[in-house]
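What follows is the content of final_0.tsv (TSV, C-alpha atoms).
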chain	number	residue	atom	x	y	z
A	544	MET	CA	-18.06	-78.44	128.84
A	545	ARG	CA	-19.65	-79.89	129.05
A	546	ARG	CA	-19.53	-79.81	128.52
A	547	LEU	CA	-16.47	-80.90	126.90
A	548	ARG	CA	-10.50	-83.01	121.71
A	549	ALA	CA	2.38	-86.50	117.52
A	550	CYS	CA	4.95	-88.11	117.48
A	551	PRO	CA	6.44	-89.52	120.71
A	552	GLY	CA	8.73	-87.12	122.51
A	553	ALA	CA	8.99	-84.71	119.61
A	554	VAL	CA	7.61	-81.33	118.65
A	555	ALA	CA	5.30	-81.56	115.63
A	556	ALA	CA	6.19	-79.58	112.52
A	557	VAL	CA	4.93	-76.01	112.27
A	558	GLY	CA	1.86	-74.91	110.35
A	559	ILE	CA	-0.91	-76.26	108.22
A	560	ALA	CA	1.19	-79.03	106.72
A	561	ALA	CA	1.66	-80.60	110.16
A	562	ALA	CA	-2.05	-80.42	110.84
A	563	GLY	CA	-2.90	-82.01	107.52
A	564	THR	CA	-0.72	-85.10	107.65
A	565	THR	CA	-2.46	-88.45	107.61
A	566	ALA	CA	-2.53	-90.51	110.78
A	567	LEU	CA	-1.45	-94.13	110.64
A	568	ILE	CA	-4.09	-96.83	110.77
A	569	ALA	CA	-4.89	-98.38	114.13
A	570	GLY	CA	-5.93	-101.99	114.28
A	571	SER	CA	-9.31	-102.73	115.84
A	572	ALA	CA	-12.43	-104.82	115.74
A	573	SER	CA	-14.49	-101.85	114.56
A	574	GLY	CA	-13.91	-102.35	110.86
A	575	ALA	CA	-12.06	-99.06	110.40
A	576	THR	CA	-9.72	-99.29	107.44
A	577	SER	CA	-8.48	-95.73	106.92
A	578	ALA	CA	-7.98	-92.41	108.65
A	579	LEU	CA	-8.86	-88.87	107.70
A	580	SER	CA	-6.24	-86.14	107.57
A	581	ASN	CA	-5.37	-84.72	110.99
A	582	ARG	CA	-6.95	-81.45	109.89
A	583	TRP	CA	-10.38	-83.12	110.04
A	584	TYR	CA	-9.78	-84.46	113.55
A	585	ALA	CA	-8.68	-80.95	114.52
A	586	ALA	CA	-11.98	-79.59	113.21
A	587	ALA	CA	-14.27	-82.22	114.74
A	588	PRO	CA	-17.10	-80.64	116.80
A	589	TYR	CA	-18.31	-82.35	119.97
A	590	LEU	CA	-21.29	-84.69	119.79
A	591	MET	CA	-22.94	-86.50	122.70
A	592	PRO	CA	-24.13	-89.72	121.03
A	593	LEU	CA	-26.24	-90.92	123.98
A	594	ASP	CA	-27.53	-87.74	125.67
A	595	ASN	CA	-28.97	-84.29	124.93
A	596	ASP	CA	-31.27	-85.40	122.12
A	597	PRO	CA	-28.48	-86.66	119.81
A	598	PRO	CA	-28.85	-85.36	116.25
A	599	ASP	CA	-28.50	-87.59	113.21
A	600	ALA	CA	-24.82	-87.55	112.28
A	601	ALA	CA	-25.58	-88.64	108.73
A	602	ALA	CA	-27.96	-85.70	108.26
A	603	ILE	CA	-25.29	-83.28	109.51
A	604	MET	CA	-22.73	-84.76	107.10
A	605	ASP	CA	-25.13	-84.46	104.17
A	606	ALA	CA	-26.09	-80.88	105.02
A	607	THR	CA	-22.65	-79.47	105.79
A	608	GLY	CA	-19.91	-81.69	104.35
A	609	LEU	CA	-18.62	-82.40	107.87
A	610	LYS	CA	-16.54	-85.58	108.10
A	611	ALA	CA	-15.29	-85.79	111.69
A	612	PHE	CA	-17.04	-85.89	115.07
A	613	GLN	CA	-15.69	-85.60	118.62
A	614	LEU	CA	-17.75	-88.09	120.66
A	615	ALA	CA	-18.16	-87.23	124.36
A	616	PHE	CA	-17.51	-88.27	127.09
A	617	VAL	CA	-15.65	-91.36	128.37
A	618	LEU	CA	-15.61	-91.48	132.18
A	619	ALA	CA	-14.98	-93.88	135.05
A	620	PRO	CA	-17.97	-95.99	136.14
A	621	ASN	CA	-20.33	-94.20	138.53
A	622	GLY	CA	-20.05	-97.15	140.90
A	623	GLY	CA	-16.24	-97.01	140.94
A	624	GLY	CA	-13.45	-98.80	139.11
A	625	CYS	CA	-10.82	-98.18	136.45
A	626	SER	CA	-12.71	-99.14	133.31
A	627	PRO	CA	-14.06	-96.88	130.54
A	628	THR	CA	-17.75	-96.02	130.24
A	629	TRP	CA	-19.86	-93.57	128.31
A	630	GLY	CA	-21.07	-90.95	130.76
A	631	GLY	CA	-20.28	-93.15	133.76
A	632	THR	CA	-23.09	-95.60	132.99
A	633	ALA	CA	-22.60	-97.46	129.69
A	634	ALA	CA	-19.57	-99.76	129.61
A	635	VAL	CA	-17.42	-99.35	126.52
A	636	SER	CA	-16.70	-103.07	126.49
A	637	SER	CA	-20.34	-103.99	125.81
A	638	ASP	CA	-21.36	-100.90	123.85
A	639	THR	CA	-23.34	-101.24	120.65
A	640	ALA	CA	-25.17	-97.88	120.57
A	641	VAL	CA	-22.11	-95.66	120.10
A	642	GLN	CA	-20.57	-98.24	117.78
A	643	SER	CA	-23.65	-97.91	115.58
A	644	VAL	CA	-23.11	-94.14	115.37
A	645	VAL	CA	-19.45	-94.68	114.50
A	646	ASN	CA	-20.37	-97.18	111.79
A	647	THR	CA	-22.88	-94.74	110.28
A	648	ILE	CA	-20.28	-91.97	110.13
A	649	ARG	CA	-17.60	-94.21	108.65
A	650	ALA	CA	-19.98	-95.63	106.07
A	651	ARG	CA	-20.28	-92.07	104.69
A	652	GLY	CA	-16.51	-91.56	104.52
A	653	GLY	CA	-16.14	-89.86	107.91
A	654	ASP	CA	-14.52	-90.76	111.21
A	655	VAL	CA	-14.62	-90.01	114.92
A	656	SER	CA	-12.38	-88.97	117.76
A	657	VAL	CA	-13.35	-89.69	121.35
A	658	SER	CA	-13.17	-87.16	124.17
A	659	ILE	CA	-12.41	-88.27	127.70
A	660	GLY	CA	-13.19	-86.22	130.78
A	661	GLY	CA	-15.33	-83.11	130.47
A	662	TYR	CA	-16.98	-81.18	133.30
A	663	GLY	CA	-19.19	-83.72	135.05
A	664	GLY	CA	-18.70	-87.20	136.46
A	665	THR	CA	-15.64	-89.05	137.74
A	666	LYS	CA	-12.63	-89.21	135.45
A	667	LEU	CA	-10.43	-92.26	135.03
A	668	GLY	CA	-7.39	-90.24	136.04
A	669	GLN	CA	-9.02	-89.72	139.44
A	670	VAL	CA	-9.55	-93.41	140.19
A	671	CYS	CA	-6.92	-95.38	138.26
A	672	SER	CA	-3.80	-96.16	140.26
A	673	ASP	CA	-1.16	-94.66	137.96
A	674	PRO	CA	-0.54	-93.46	134.40
A	675	SER	CA	-0.11	-97.02	133.10
A	676	ALA	CA	-3.45	-98.18	134.49
A	677	THR	CA	-5.12	-95.03	133.17
A	678	ALA	CA	-3.61	-95.60	129.73
A	679	ALA	CA	-4.72	-99.25	129.75
A	680	ALA	CA	-8.32	-98.13	130.32
A	681	TYR	CA	-8.16	-95.64	127.44
A	682	GLN	CA	-6.46	-98.20	125.20
A	683	GLN	CA	-9.65	-100.26	125.46
A	684	VAL	CA	-11.52	-97.33	123.87
A	685	ILE	CA	-8.93	-96.89	121.09
A	686	THR	CA	-9.01	-100.60	120.29
A	687	LYS	CA	-12.80	-100.94	120.51
A	688	TYR	CA	-13.48	-98.16	118.02
A	689	GLY	CA	-10.26	-98.25	115.99
A	690	LEU	CA	-9.51	-94.65	116.88
A	691	HIS	CA	-7.05	-92.43	115.05
A	692	ALA	CA	-7.64	-89.48	117.39
A	693	ILE	CA	-8.39	-88.85	121.07
A	694	ASP	CA	-9.07	-85.76	123.20
A	695	PHE	CA	-8.17	-85.26	126.86
A	696	ASP	CA	-10.70	-82.73	128.20
A	697	LEU	CA	-9.19	-81.71	131.55
A	698	GLU	CA	-11.53	-79.48	133.55
A	699	GLU	CA	-12.82	-78.88	137.04
A	700	PRO	CA	-12.58	-80.57	139.40
A	701	GLU	CA	-10.08	-83.04	137.98
A	702	TYR	CA	-7.50	-80.50	136.85
A	703	GLU	CA	-7.30	-79.25	140.44
A	704	ASN	CA	-6.06	-82.73	141.47
A	705	THR	CA	-2.33	-82.99	140.78
A	706	ALA	CA	-2.29	-86.80	140.99
A	707	ALA	CA	-5.18	-87.08	138.54
A	708	VAL	CA	-3.54	-84.69	136.08
A	709	ARG	CA	-0.30	-86.65	136.37
A	710	ASN	CA	-2.22	-89.83	135.51
A	711	GLU	CA	-3.99	-88.23	132.54
A	712	ILE	CA	-0.88	-86.61	131.04
A	713	GLY	CA	1.13	-89.76	131.65
A	714	ALA	CA	-1.58	-91.84	130.00
A	715	ALA	CA	-1.69	-89.49	127.01
A	716	LYS	CA	2.05	-89.90	126.56
A	717	ILE	CA	1.82	-93.70	126.76
A	718	LEU	CA	-1.03	-93.82	124.25
A	719	GLN	CA	0.91	-91.55	121.91
A	720	GLN	CA	3.89	-93.90	122.07
A	721	ASN	CA	1.88	-97.12	121.72
A	722	ASN	CA	-0.36	-95.91	118.88
A	723	PRO	CA	1.88	-94.33	116.22
A	724	GLY	CA	0.15	-91.53	114.37
A	725	LEU	CA	-2.57	-91.08	117.00
A	726	TYR	CA	-3.82	-87.47	116.96
A	727	VAL	CA	-3.89	-86.22	120.56
A	728	SER	CA	-5.49	-83.00	121.79
A	729	VAL	CA	-5.58	-81.67	125.34
A	730	THR	CA	-8.46	-79.30	126.12
A	731	THR	CA	-8.73	-77.13	129.22
A	732	ALA	CA	-10.39	-74.01	130.58
A	733	GLY	CA	-9.78	-70.60	129.05
A	734	THR	CA	-9.49	-67.23	130.78
A	735	ALA	CA	-8.87	-63.70	129.56
A	736	ASP	CA	-5.20	-64.32	130.36
A	737	GLY	CA	-5.19	-67.51	128.28
A	738	THR	CA	-5.71	-70.10	130.98
A	739	GLY	CA	-5.78	-70.06	134.77
A	740	TRP	CA	-3.40	-71.34	137.42
A	741	PHE	CA	-4.52	-74.96	137.13
A	742	GLY	CA	-4.23	-74.86	133.35
A	743	LYS	CA	-0.69	-73.58	133.69
A	744	GLN	CA	0.13	-76.35	136.17
A	745	MET	CA	-1.16	-78.89	133.66
A	746	LEU	CA	1.18	-77.48	131.01
A	747	LEU	CA	4.08	-77.71	133.44
A	748	GLU	CA	3.19	-81.34	134.14
A	749	ALA	CA	3.27	-82.04	130.40
A	750	LYS	CA	6.65	-80.34	130.15
A	751	SER	CA	8.05	-82.33	133.08
A	752	GLN	CA	6.94	-85.60	131.46
A	753	GLY	CA	8.30	-84.62	128.04
A	754	PHE	CA	4.84	-84.86	126.50
A	755	THR	CA	3.91	-82.88	123.39
A	756	PRO	CA	0.41	-83.45	122.01
A	757	ASN	CA	-0.76	-82.19	118.64
A	758	ASN	CA	-2.29	-79.26	120.48
A	759	PHE	CA	-3.30	-77.71	123.76
A	760	SER	CA	-6.75	-76.15	123.30
A	761	ILE	CA	-8.50	-73.63	125.53
A	762	MET	CA	-12.23	-73.03	125.97
A	763	PRO	CA	-12.69	-69.23	126.02
A	764	PHE	CA	-16.22	-69.09	127.41
A	765	ASP	CA	-17.91	-69.23	130.84
A	766	GLY	CA	-15.34	-66.75	132.12
A	767	GLY	CA	-16.62	-63.24	131.44
A	768	PHE	CA	-16.10	-63.37	127.68
A	769	ASN	CA	-18.03	-61.11	125.35
A	770	GLY	CA	-17.83	-62.03	121.69
A	771	ALA	CA	-14.95	-62.83	119.38
A	772	ALA	CA	-12.56	-60.04	120.37
A	773	SER	CA	-12.32	-61.34	123.93
A	774	GLN	CA	-11.74	-64.85	122.61
A	775	THR	CA	-8.98	-63.94	120.17
A	776	GLY	CA	-7.36	-61.91	122.96
A	777	ALA	CA	-7.34	-65.02	125.15
A	778	LEU	CA	-5.85	-67.07	122.32
A	779	THR	CA	-3.07	-64.50	121.88
A	780	ASN	CA	-2.31	-64.62	125.60
A	781	PHE	CA	-2.40	-68.41	125.63
A	782	ASN	CA	0.11	-68.45	122.79
A	783	GLN	CA	2.49	-66.47	124.97
A	784	ILE	CA	1.98	-68.98	127.81
A	785	LEU	CA	2.87	-71.83	125.46
A	786	GLN	CA	5.98	-69.97	124.34
A	787	SER	CA	7.21	-69.30	127.86
A	788	THR	CA	6.37	-72.80	129.15
A	789	PHE	CA	7.91	-74.87	126.38
A	790	GLY	CA	10.48	-72.47	124.95
A	791	TRP	CA	8.73	-72.37	121.58
A	792	ASP	CA	8.76	-69.46	119.17
A	793	GLN	CA	5.43	-67.87	118.28
A	794	ALA	CA	4.82	-69.93	115.14
A	795	THR	CA	5.57	-73.22	116.88
A	796	ALA	CA	3.25	-72.27	119.73
A	797	TYR	CA	0.41	-71.48	117.31
A	798	ALA	CA	1.03	-74.81	115.56
A	799	HIS	CA	0.30	-76.48	118.92
A	800	GLU	CA	-2.63	-74.27	119.94
A	801	GLY	CA	-6.34	-74.91	119.61
A	802	PHE	CA	-9.70	-73.20	120.13
A	803	SER	CA	-12.75	-74.94	121.60
A	804	GLY	CA	-15.74	-72.60	121.63
A	805	MET	CA	-19.39	-72.77	122.65
A	806	ASN	CA	-21.98	-71.94	120.03
A	807	GLY	CA	-24.82	-69.62	121.00
A	808	ARG	CA	-25.53	-68.99	124.68
A	809	SER	CA	-22.92	-70.27	127.13
A	810	ASP	CA	-23.52	-71.65	130.62
A	811	ALA	CA	-22.65	-68.21	132.00
A	812	GLY	CA	-25.08	-66.37	129.71
A	813	GLU	CA	-22.50	-65.16	127.18
A	814	TYR	CA	-23.57	-65.14	123.54
A	815	PHE	CA	-21.43	-66.24	120.59
A	816	SER	CA	-22.95	-65.73	117.15
A	817	GLN	CA	-22.10	-67.03	113.71
A	818	ALA	CA	-20.19	-63.78	113.11
A	819	ASP	CA	-18.10	-64.42	116.24
A	820	PHE	CA	-17.25	-67.90	114.98
A	821	GLN	CA	-16.16	-66.46	111.63
A	822	THR	CA	-13.88	-63.94	113.35
A	823	VAL	CA	-12.23	-66.62	115.49
A	824	LEU	CA	-11.95	-68.91	112.49
A	825	ASP	CA	-10.13	-66.17	110.57
A	826	TYR	CA	-7.79	-65.71	113.53
A	827	ALA	CA	-7.14	-69.46	113.80
A	828	THR	CA	-6.40	-69.96	110.12
A	829	GLY	CA	-4.46	-66.70	109.86
A	830	HIS	CA	-2.14	-67.81	112.69
A	831	HIS	CA	-1.93	-71.43	111.47
A	832	MET	CA	-3.46	-72.79	114.66
A	833	ASP	CA	-3.84	-76.55	114.92
A	834	ARG	CA	-7.46	-76.90	116.09
A	835	PHE	CA	-10.89	-75.28	115.84
A	836	THR	CA	-13.84	-77.02	117.47
A	837	PHE	CA	-16.93	-76.26	119.54
A	838	TRP	CA	-19.46	-77.53	122.05
A	839	SER	CA	-21.68	-78.86	120.62
A	840	LEU	CA	-23.49	-80.35	117.64
A	841	ASN	CA	-26.36	-81.29	119.98
A	842	ARG	CA	-26.81	-77.52	120.41
A	843	ASP	CA	-26.32	-76.56	116.74
A	844	ARG	CA	-29.99	-75.87	116.01
A	845	GLN	CA	-32.45	-73.15	116.89
A	846	CYS	CA	-34.53	-73.48	120.03
A	847	THR	CA	-38.29	-73.76	119.89
A	848	PRO	CA	-40.48	-72.21	122.61
A	849	ALA	CA	-40.84	-75.64	124.20
A	850	ASP	CA	-37.06	-76.18	124.18
A	851	ASN	CA	-35.88	-72.98	125.71
A	852	GLY	CA	-36.99	-69.64	127.08
A	853	GLY	CA	-33.80	-67.61	126.95
A	854	ARG	CA	-31.67	-70.02	128.99
A	855	THR	CA	-28.71	-72.20	128.09
A	856	SER	CA	-29.79	-75.54	126.66
A	857	GLY	CA	-27.98	-78.77	125.92
A	858	THR	CA	-30.14	-79.34	122.84
A	859	CYS	CA	-30.22	-75.95	121.07
A	860	SER	CA	-28.17	-72.75	120.82
A	861	SER	CA	-30.56	-70.02	122.07
A	862	VAL	CA	-29.61	-67.84	119.09
A	863	ALA	CA	-31.28	-67.39	115.70
A	864	GLN	CA	-29.81	-69.91	113.29
A	865	ASN	CA	-30.38	-72.56	110.67
A	866	SER	CA	-29.62	-76.10	111.75
A	867	TRP	CA	-25.90	-76.87	111.62
A	868	ASP	CA	-24.80	-73.27	110.95
A	869	PHE	CA	-21.90	-73.61	113.38
A	870	ALA	CA	-20.75	-76.99	112.02
A	871	LYS	CA	-19.97	-75.26	108.73
A	872	TYR	CA	-17.17	-73.27	110.41
A	873	SER	CA	-15.50	-76.56	111.32
A	874	VAL	CA	-15.85	-77.66	107.70
A	875	LYS	CA	-14.13	-74.45	106.59
A	876	PHE	CA	-11.30	-74.98	109.09
A	877	ALA	CA	-10.73	-78.43	107.65
A	878	GLY	CA	-10.25	-76.81	104.25
A	879	ALA	CA	-13.53	-77.90	102.67
A	880	THR	CA	-16.40	-75.80	101.30
A	881	PRO	CA	-19.80	-76.34	102.94
A	882	PRO	CA	-22.96	-76.20	100.82
A	883	THR	CA	-24.62	-72.80	100.42
A	884	SER	CA	-27.08	-72.13	103.24
A	885	THR	CA	-30.28	-70.11	103.38
A	886	PRO	CA	-30.38	-66.82	105.33
A	887	THR	CA	-30.45	-67.01	109.13
A	888	PRO	CA	-34.08	-66.89	110.32
A	889	THR	CA	-35.48	-64.34	112.70
A	890	PRO	CA	-35.70	-65.48	116.35
A	891	THR	CA	-38.62	-67.69	117.22
A	892	PRO	CA	-41.01	-66.15	119.80
A	893	THR	CA	-40.57	-67.66	123.25
A	894	SER	CA	-44.21	-67.76	124.29
A	895	THR	CA	-45.35	-70.86	126.13
A	896	PRO	CA	-47.39	-73.24	123.97
A	897	PRO	CA	-50.88	-73.81	125.37
A	898	GLY	CA	-51.84	-77.06	127.01
A	899	THR	CA	-48.39	-78.13	128.23
A	900	GLY	CA	-49.07	-79.75	131.59
A	901	CYS	CA	-46.65	-79.71	134.53
A	902	LYS	CA	-45.31	-82.99	135.89
A	903	THR	CA	-45.21	-83.85	139.58
A	904	ALA	CA	-43.28	-81.19	141.51
A	905	TRP	CA	-39.58	-81.85	142.16
A	906	SER	CA	-38.71	-82.88	145.74
A	907	SER	CA	-35.28	-82.55	147.31
A	908	ALA	CA	-35.90	-85.73	149.32
A	909	ALA	CA	-36.92	-87.93	146.39
A	910	VAL	CA	-34.60	-90.20	144.43
A	911	TYR	CA	-34.85	-89.91	140.63
A	912	THR	CA	-33.41	-92.18	137.96
A	913	ALA	CA	-32.84	-91.71	134.23
A	914	GLY	CA	-36.07	-90.76	132.46
A	915	ASN	CA	-37.98	-89.57	135.53
A	916	GLU	CA	-39.83	-86.31	134.91
A	917	VAL	CA	-40.61	-83.50	137.37
A	918	SER	CA	-41.70	-79.87	137.31
A	919	TYR	CA	-39.79	-76.97	138.86
A	920	ASN	CA	-40.14	-73.19	138.41
A	921	GLN	CA	-42.92	-73.74	135.84
A	922	HIS	CA	-40.74	-75.95	133.65
A	923	ASN	CA	-40.73	-79.71	133.14
A	924	TRP	CA	-37.41	-81.53	133.59
A	925	LYS	CA	-36.14	-85.03	132.76
A	926	ALA	CA	-33.41	-86.79	134.77
A	927	LYS	CA	-30.44	-88.03	132.74
A	928	TRP	CA	-29.18	-90.36	135.47
A	929	TRP	CA	-29.62	-91.15	139.19
A	930	THR	CA	-29.93	-88.07	141.36
A	931	GLN	CA	-31.12	-86.82	144.71
A	932	ASN	CA	-31.30	-83.24	146.03
A	933	GLU	CA	-29.91	-81.69	142.83
A	934	THR	CA	-32.08	-78.70	141.93
A	935	PRO	CA	-33.23	-78.73	138.29
A	936	VAL	CA	-31.21	-76.20	136.31
A	937	ALA	CA	-30.41	-75.99	132.60
A	938	SER	CA	-26.80	-76.87	131.73
A	939	ASP	CA	-25.01	-79.19	129.32
A	940	TRP	CA	-23.28	-81.15	132.05
A	941	GLY	CA	-25.99	-81.27	134.72
A	942	VAL	CA	-28.31	-84.14	135.62
A	943	TRP	CA	-31.50	-82.38	134.47
A	944	GLN	CA	-32.67	-81.80	130.89
A	945	ASP	CA	-35.05	-78.85	130.45
A	946	GLU	CA	-38.18	-79.99	128.58
A	947	GLY	CA	-39.69	-76.52	128.38
A	948	ALA	CA	-42.26	-74.36	130.10
A	949	CYS	CA	-45.41	-75.90	131.51

Exercise: express the given structure as structure tokens:
Amino acid sequence: MRRLRACPGAVAAVGIAAAGTTALIAGSASGATSALSNRWYAAAPYLMPLDNDPPDAAAIMDATGLKAFQLAFVLAPNGGGCSPTWGGTAAVSSDTAVQSVVNTIRARGGDVSVSIGGYGGTKLGQVCSDPSATAAAYQQVITKYGLHAIDFDLEEPEYENTAAVRNEIGAAKILQQNNPGLYVSVTTAGTADGTGWFGKQMLLEAKSQGFTPNNFSIMPFDGGFNGAASQTGALTNFNQILQSTFGWDQATAYAHEGFSGMNGRSDAGEYFSQADFQTVLDYATGHHMDRFTFWSLNRDRQCTPADNGGRTSGTCSSVAQNSWDFAKYSVKFAGATPPTSTPTPTPTPTSTPPGTGCKTAWSSAAVYTAGNEVSYNQHNWKAKWWTQNETPVASDWGVWQDEGAC
């Protein structure tokens, strides 16, 4: 994913009422003075504020009524160390760019959660010495931005590392205890059976530490899924896993279960339409699930021929849509009514615009840094960060951004 968002030691109350309670206010230097209801944090879609052509959060809020955003991703520094950064490169301690986005959102009555982990990069749980050190790094993020919510996005390869998962779950528990009212979600991979072996081991680690977040969310995509029916089937199976792992009844398990989808074309070439989102939304609200989110707002707009030629993009959905169509399902989950939208447009033709020149050909031996442009397979590509011998390919989490055919 990207990708790739309780009360201490206690099981949260069942149903919508638990999801809608107001989090307590965290002190910070960010100027935050109030929190949204937990239902909004549960509905917050993912937004990369520094990468993948970040959209204007204020414009999304005005167009859809959305109030909450899941900012991604906080990682360990690329050069090593146990301190939080955005994407491995921008230190949280000196950040002003993300803070500006947060201020814009809050000035319009909204708020943010922050997601840590995701698919790419080095996670803090992999490099910090223990749960306490990991929690101390994340506490810097909570304090910097005055957070009322945080998401632990545990994916490959970190969730295959038992020590790293122990650090992350232990850190989540410490943060939950030290920040009363903090909304905590744990997001992991989804399979047709609910989640795979490593996801189940993560749940067992949470059980052994006595940690209960607001929800455990699965990502039912990139695993042979085909539309909403396969996703709701996975959510049903995951509910049974939660029941058997924690000894919960069905309703309690649903009250601690979340969905994290991918709008449009997934990394694996699956397609999820607006109708699929509506079906899963109906399932989530009908079963009183705690969370409904998706990856990502950067992708919640229709591709142009220059953006995409039938491949997965980090900056558009690869399906016919109006801008921010998918964000409106999050608004509905939060219990609000989005503005009336115009009909979905017909797909834009994918012909190559004339006169688009190719950059210098990509070389496996060359070193590229952020902003460098190359051509490969008749497409231009831009490097997001330092890289060498990584073949340009379109994906949300990869080093290369597809700039279109040339």

>> I'd like the contact shell of A:Gln817 - 10 Å cut-off, only C-alpha atoms, skipping same-chain residues fewer than 5 positions apart - returned as JSON, numbers by chain.
In response: {"A": [806, 807, 822, 862, 863, 864, 868, 869, 871, 872, 887]}

> Of the candidates A:Cys846, A:Ala877, A:Ile648, A:Ala818, which shows the shortest atom-to-atom distance to A:Asp945, using all atoms listed in the file?
Replying inline: A:Cys846

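Ranking A:Thr779, A:Ser803, A:Gln752, A:Ser839 by their shortest atom-to-atom distance to A:Ala732, with all atoms listed in the file included, puts A:Ser803 first.
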
>> My list of candidates is A:Leu746, A:Gln921, A:Ala678, A:Gly753. Which is closest to A:Leu718 when distances are computed with all atoms listed in the file?
In response: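 Of the candidates, the smallest distance to A:Leu718 is held by A:Ala678.
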
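Checking A:Phe616, A:Tyr688, A:Tyr681, A:Trp943 one by one against A:Val644, counting all atoms listed in the file, you find the shortest gap at A:Tyr688.
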
> At what distance in Å, to one decimal, does atom CA of A:Trp838 lie from atom CA of A:Met805?
Replying inline: 4.8 Å

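Put simply, atom CA of A:Gly739 is 14.7 Å away from atom CA of A:Thr705.
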
>> Neighbouring residues of A:Ala602 were defined as those with any atom within 12 Å, considering only C-alpha atoms; residues of the same chain fewer than 2 positions away were excluded. Please report them as a PyMOL selection string.
In response: chain A and resi 597-600+604-610+647-648+651+840+866-867+870

> Quick one: distance from atom CA of A:Val657 to atom CA of A:Leu690 in Å, one decimal?
Replying inline: 7.7 Å

>> Report as a ChimeraX atom specification all protein, DNA and RNA residues lying within 6 Å of stretch 628-633 of chain A, evaluated on all atoms listed in the file, omitting residues in the same chain fewer than 2 positions from it.
In response: /A:616-621,635

>> For a cutoff of 10 Å around the file-coordinate point (-41.7, -80.5, 130.8), which residues qualify once you count only C-alpha atoms? I'd like the result as an MDAnalysis selection string.
In response: chainID A and resid 849:850 899:902 916:919 921:925 944:949

>> Using only C-alpha atoms for the distances, tell me which of A:Ser809, A:Asn704, A:Asn595, A:Gln793 is nearest to A:His830.
In response: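 With only C-alpha atoms as the atom set, the closest residue is A:Gln793.
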
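For the residues A:Cys671, A:Val729, A:Ala611, A:Ala904, ranking by smallest atom-to-atom distance to A:Asp654 using all atoms listed in the file places A:Ala611 first.
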
Polymer residues at most 8 Å from (-10.2, -71.3, 129.5) by all atoms listed in the file, as a short mmCIF file (atom, residue, chain, number, x, y, z; two decimals) with C-alpha atoms, in the coordinates of the input:
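Output saved as result-v4.cif:
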data_model
loop_
_atom_site.label_atom_id
_atom_site.label_comp_id
_atom_site.auth_asym_id
_atom_site.auth_seq_id
_atom_site.Cartn_x
_atom_site.Cartn_y
_atom_site.Cartn_z
CA THR A 731 -8.73 -77.13 129.22
CA ALA A 732 -10.39 -74.01 130.58
CA GLY A 733 -9.78 -70.60 129.05
CA THR A 734 -9.49 -67.23 130.78
CA ALA A 735 -8.87 -63.70 129.56
CA GLY A 737 -5.19 -67.51 128.28
CA THR A 738 -5.71 -70.10 130.98
CA GLY A 739 -5.78 -70.06 134.77
CA GLY A 742 -4.23 -74.86 133.35
CA ILE A 761 -8.50 -73.63 125.53
CA MET A 762 -12.23 -73.03 125.97
CA PRO A 763 -12.69 -69.23 126.02
CA PHE A 764 -16.22 -69.09 127.41
CA GLY A 766 -15.34 -66.75 132.12
#

> Contacts of A:Gln669 at 7 Å or less, counting all atoms listed in the file, minus same-chain residues fewer than 3 places along, as a list in words?
Replying inline: Thr665, Lys666, Glu701 and Ala707 of chain A
